[in-house]
Structure formats: C-alpha cells, structure tokens
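*Asks:* This is the structure I want to talk about, given as structure tokens.
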Amino acid sequence: MSKDSNDEIATLARQIAEKKVYLNNQAILIDVLEHGGHDMDGQRKSLEQERLDLRKMISRKSRLLSKRGGSTQGPNP
C-alpha cells in the first residue's frame, strides 16, 4: 500500500476519533439544554446529520483498510 493511502487512513482515524468526542459532547449539551426547557429539535437534526457524516468516514476507512488487506484488529490467529 502506498504512503499516501497509509497517510489517508491515519488522517481518517484521527478525524473519526475527534468527531466521536465532538458528537458525544454535543449530545450531552443538547440533553442538558433540553432538560432546562430549551427547544433543541434543530440541533438534534444537525447532530443526526453529523452522525451520518461520521458513518461515512468510518465506511471510507474500512474500504481503504480492506483494499490494503489489513484490519484494525491485527492479524487473524
């Protein structure tokens, strides 16, 4: 596999990790604000779109890994 592909996989892994933290934080914030009586329907819809974006990123990383013939779980016994 080329260095460019490995770099792309590494970049995606970092972006995915950052996006997971961001989405978790946003979900908590929305829950807190809703508990306080705020209407968060628009933000919930935005959050769902961002989750869809995350799934697309994960799919892209999986496709790149399958092209490489490897996995994130290490070699099979």
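Naming scheme: A, B, ... for chains in displayed order of the structure tokens; residues 1 onward per chain; ligands 1 onward as shown.
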From a DSSP calculation on the backbone, collect every residue of chain A in helix (DSSP H, G or I) and output the set as a PyMOL selection string.
*Replies:* chain A and resi 3-35+41-68
*Asks:* Find the spatial neighbours of A:Lys20, counting only C-alpha atoms, within a cut-off of 9 Å - ignore same-chain residues fewer than 4 positions away - and output them as JSON, numbers by chain.
*Replies:* {"A": [15, 16, 24, 25, 51, 54]}
*Asks:* In Å to one decimal, how far is atom CA of A:Arg44 from atom CA of A:Ser62?
*Replies:*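 Atom-to-atom, atom CA of A:Ser62 to atom CA of A:Arg44, that is 26.8 Å.
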*Asks:* Using only C-alpha atoms, which protein or nucleic acid residues come within 12 Å of A:Arg60? Drop anything in the same chain fewer than 5 positions from it, and give the result as a list of chain:residue names.
*Replies:*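 In the requested format, the answer is A:Ser5, A:Glu8, A:Ile9, A:Ala10, A:Thr11, A:Leu12, A:Ala13, A:Gln15, A:Ile16, A:Asp53, A:Leu54, A:Arg55, A:Leu65, A:Ser66, A:Lys67.
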*Asks:* Contacts of A:Ile30 at 10 Å or less, counting only C-alpha atoms, minus same-chain residues fewer than 2 places along, as a PDB file with N, CA and C atoms, in the first residue's frame?
*Replies:*
ATOM      1  N   ASN A  24     -20.276  13.250  21.002  1.00  0.00           N
ATOM      2  CA  ASN A  24     -20.641  12.923  22.373  1.00  0.00           C
ATOM      3  C   ASN A  24     -20.874  14.192  23.191  1.00  0.00           C
ATOM      4  N   ASN A  25     -19.971  15.154  23.058  1.00  0.00           N
ATOM      5  CA  ASN A  25     -20.111  16.417  23.778  1.00  0.00           C
ATOM      6  C   ASN A  25     -21.371  17.166  23.353  1.00  0.00           C
ATOM      7  N   GLN A  26     -21.661  17.163  22.048  1.00  0.00           N
ATOM      8  CA  GLN A  26     -22.859  17.842  21.546  1.00  0.00           C
ATOM      9  C   GLN A  26     -24.122  17.170  22.087  1.00  0.00           C
ATOM     10  N   ALA A  27     -24.133  15.842  22.118  1.00  0.00           N
ATOM     11  CA  ALA A  27     -25.297  15.116  22.629  1.00  0.00           C
ATOM     12  C   ALA A  27     -25.544  15.461  24.093  1.00  0.00           C
ATOM     13  N   ILE A  28     -24.481  15.541  24.867  1.00  0.00           N
ATOM     14  CA  ILE A  28     -24.609  15.904  26.287  1.00  0.00           C
ATOM     15  C   ILE A  28     -25.155  17.320  26.421  1.00  0.00           C
ATOM     16  N   VAL A  32     -28.676  18.489  28.198  1.00  0.00           N
ATOM     17  CA  VAL A  32     -28.708  19.442  29.315  1.00  0.00           C
ATOM     18  C   VAL A  32     -29.631  20.613  28.983  1.00  0.00           C
ATOM     19  N   LEU A  33     -29.484  21.142  27.767  1.00  0.00           N
ATOM     20  CA  LEU A  33     -30.324  22.275  27.388  1.00  0.00           C
ATOM     21  C   LEU A  33     -31.798  21.889  27.285  1.00  0.00           C
ATOM     22  N   GLU A  34     -32.077  20.694  26.783  1.00  0.00           N
ATOM     23  CA  GLU A  34     -33.465  20.221  26.735  1.00  0.00           C
ATOM     24  C   GLU A  34     -34.033  20.080  28.141  1.00  0.00           C
ATOM     25  N   HIS A  35     -33.222  19.556  29.035  1.00  0.00           N
ATOM     26  CA  HIS A  35     -33.660  19.411  30.424  1.00  0.00           C
ATOM     27  C   HIS A  35     -33.998  20.776  31.018  1.00  0.00           C
ATOM     28  N   GLY A  36     -33.295  21.802  30.549  1.00  0.00           N
ATOM     29  CA  GLY A  36     -33.549  23.167  31.009  1.00  0.00           C
ATOM     30  C   GLY A  36     -34.713  23.839  30.308  1.00  0.00           C
ATOM     31  N   HIS A  38     -35.173  24.138  26.852  1.00  0.00           N
ATOM     32  CA  HIS A  38     -34.899  24.689  25.525  1.00  0.00           C
ATOM     33  C   HIS A  38     -35.364  23.732  24.430  1.00  0.00           C
ATOM     34  N   ASP A  39     -35.831  24.314  23.330  1.00  0.00           N
ATOM     35  CA  ASP A  39     -36.219  23.521  22.163  1.00  0.00           C
ATOM     36  C   ASP A  39     -34.959  23.219  21.360  1.00  0.00           C
ATOM     37  N   MET A  40     -34.601  21.951  21.272  1.00  0.00           N
ATOM     38  CA  MET A  40     -33.354  21.555  20.613  1.00  0.00           C
ATOM     39  C   MET A  40     -33.597  20.681  19.387  1.00  0.00           C
ATOM     40  N   ASP A  41     -34.808  20.753  18.823  1.00  0.00           N
ATOM     41  CA  ASP A  41     -35.132  19.916  17.665  1.00  0.00           C
ATOM     42  C   ASP A  41     -34.169  20.156  16.500  1.00  0.00           C
ATOM     43  N   GLN A  43     -31.109  21.303  16.583  1.00  0.00           N
ATOM     44  CA  GLN A  43     -29.793  20.805  16.939  1.00  0.00           C
ATOM     45  C   GLN A  43     -29.744  19.283  16.893  1.00  0.00           C
ATOM     46  N   ARG A  44     -30.826  18.628  17.279  1.00  0.00           N
ATOM     47  CA  ARG A  44     -30.880  17.162  17.198  1.00  0.00           C
ATOM     48  C   ARG A  44     -30.799  16.699  15.745  1.00  0.00           C
ATOM     49  N   LEU A  47     -27.274  17.084  14.666  1.00  0.00           N
ATOM     50  CA  LEU A  47     -26.474  16.027  15.272  1.00  0.00           C
ATOM     51  C   LEU A  47     -26.639  14.718  14.493  1.00  0.00           C
TER      52      LEU A  47
END
*Asks:* Between atom CA of A:Asp4 and atom CA of A:Met57, what is the distance in Å, rounded to a tenth?
*Replies:*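 Answer for the atom CA of A:Asp4 to atom CA of A:Met57 separation: 16.9 Å.
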*Asks:* For a test of reading the model, state the distance in Å between atom CA of A:Arg63 and atom CA of A:Lys19, rounded to one decimal.
*Replies:*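 Atom CA of A:Lys19 lies at a distance of 18.8 Å from atom CA of A:Arg63.
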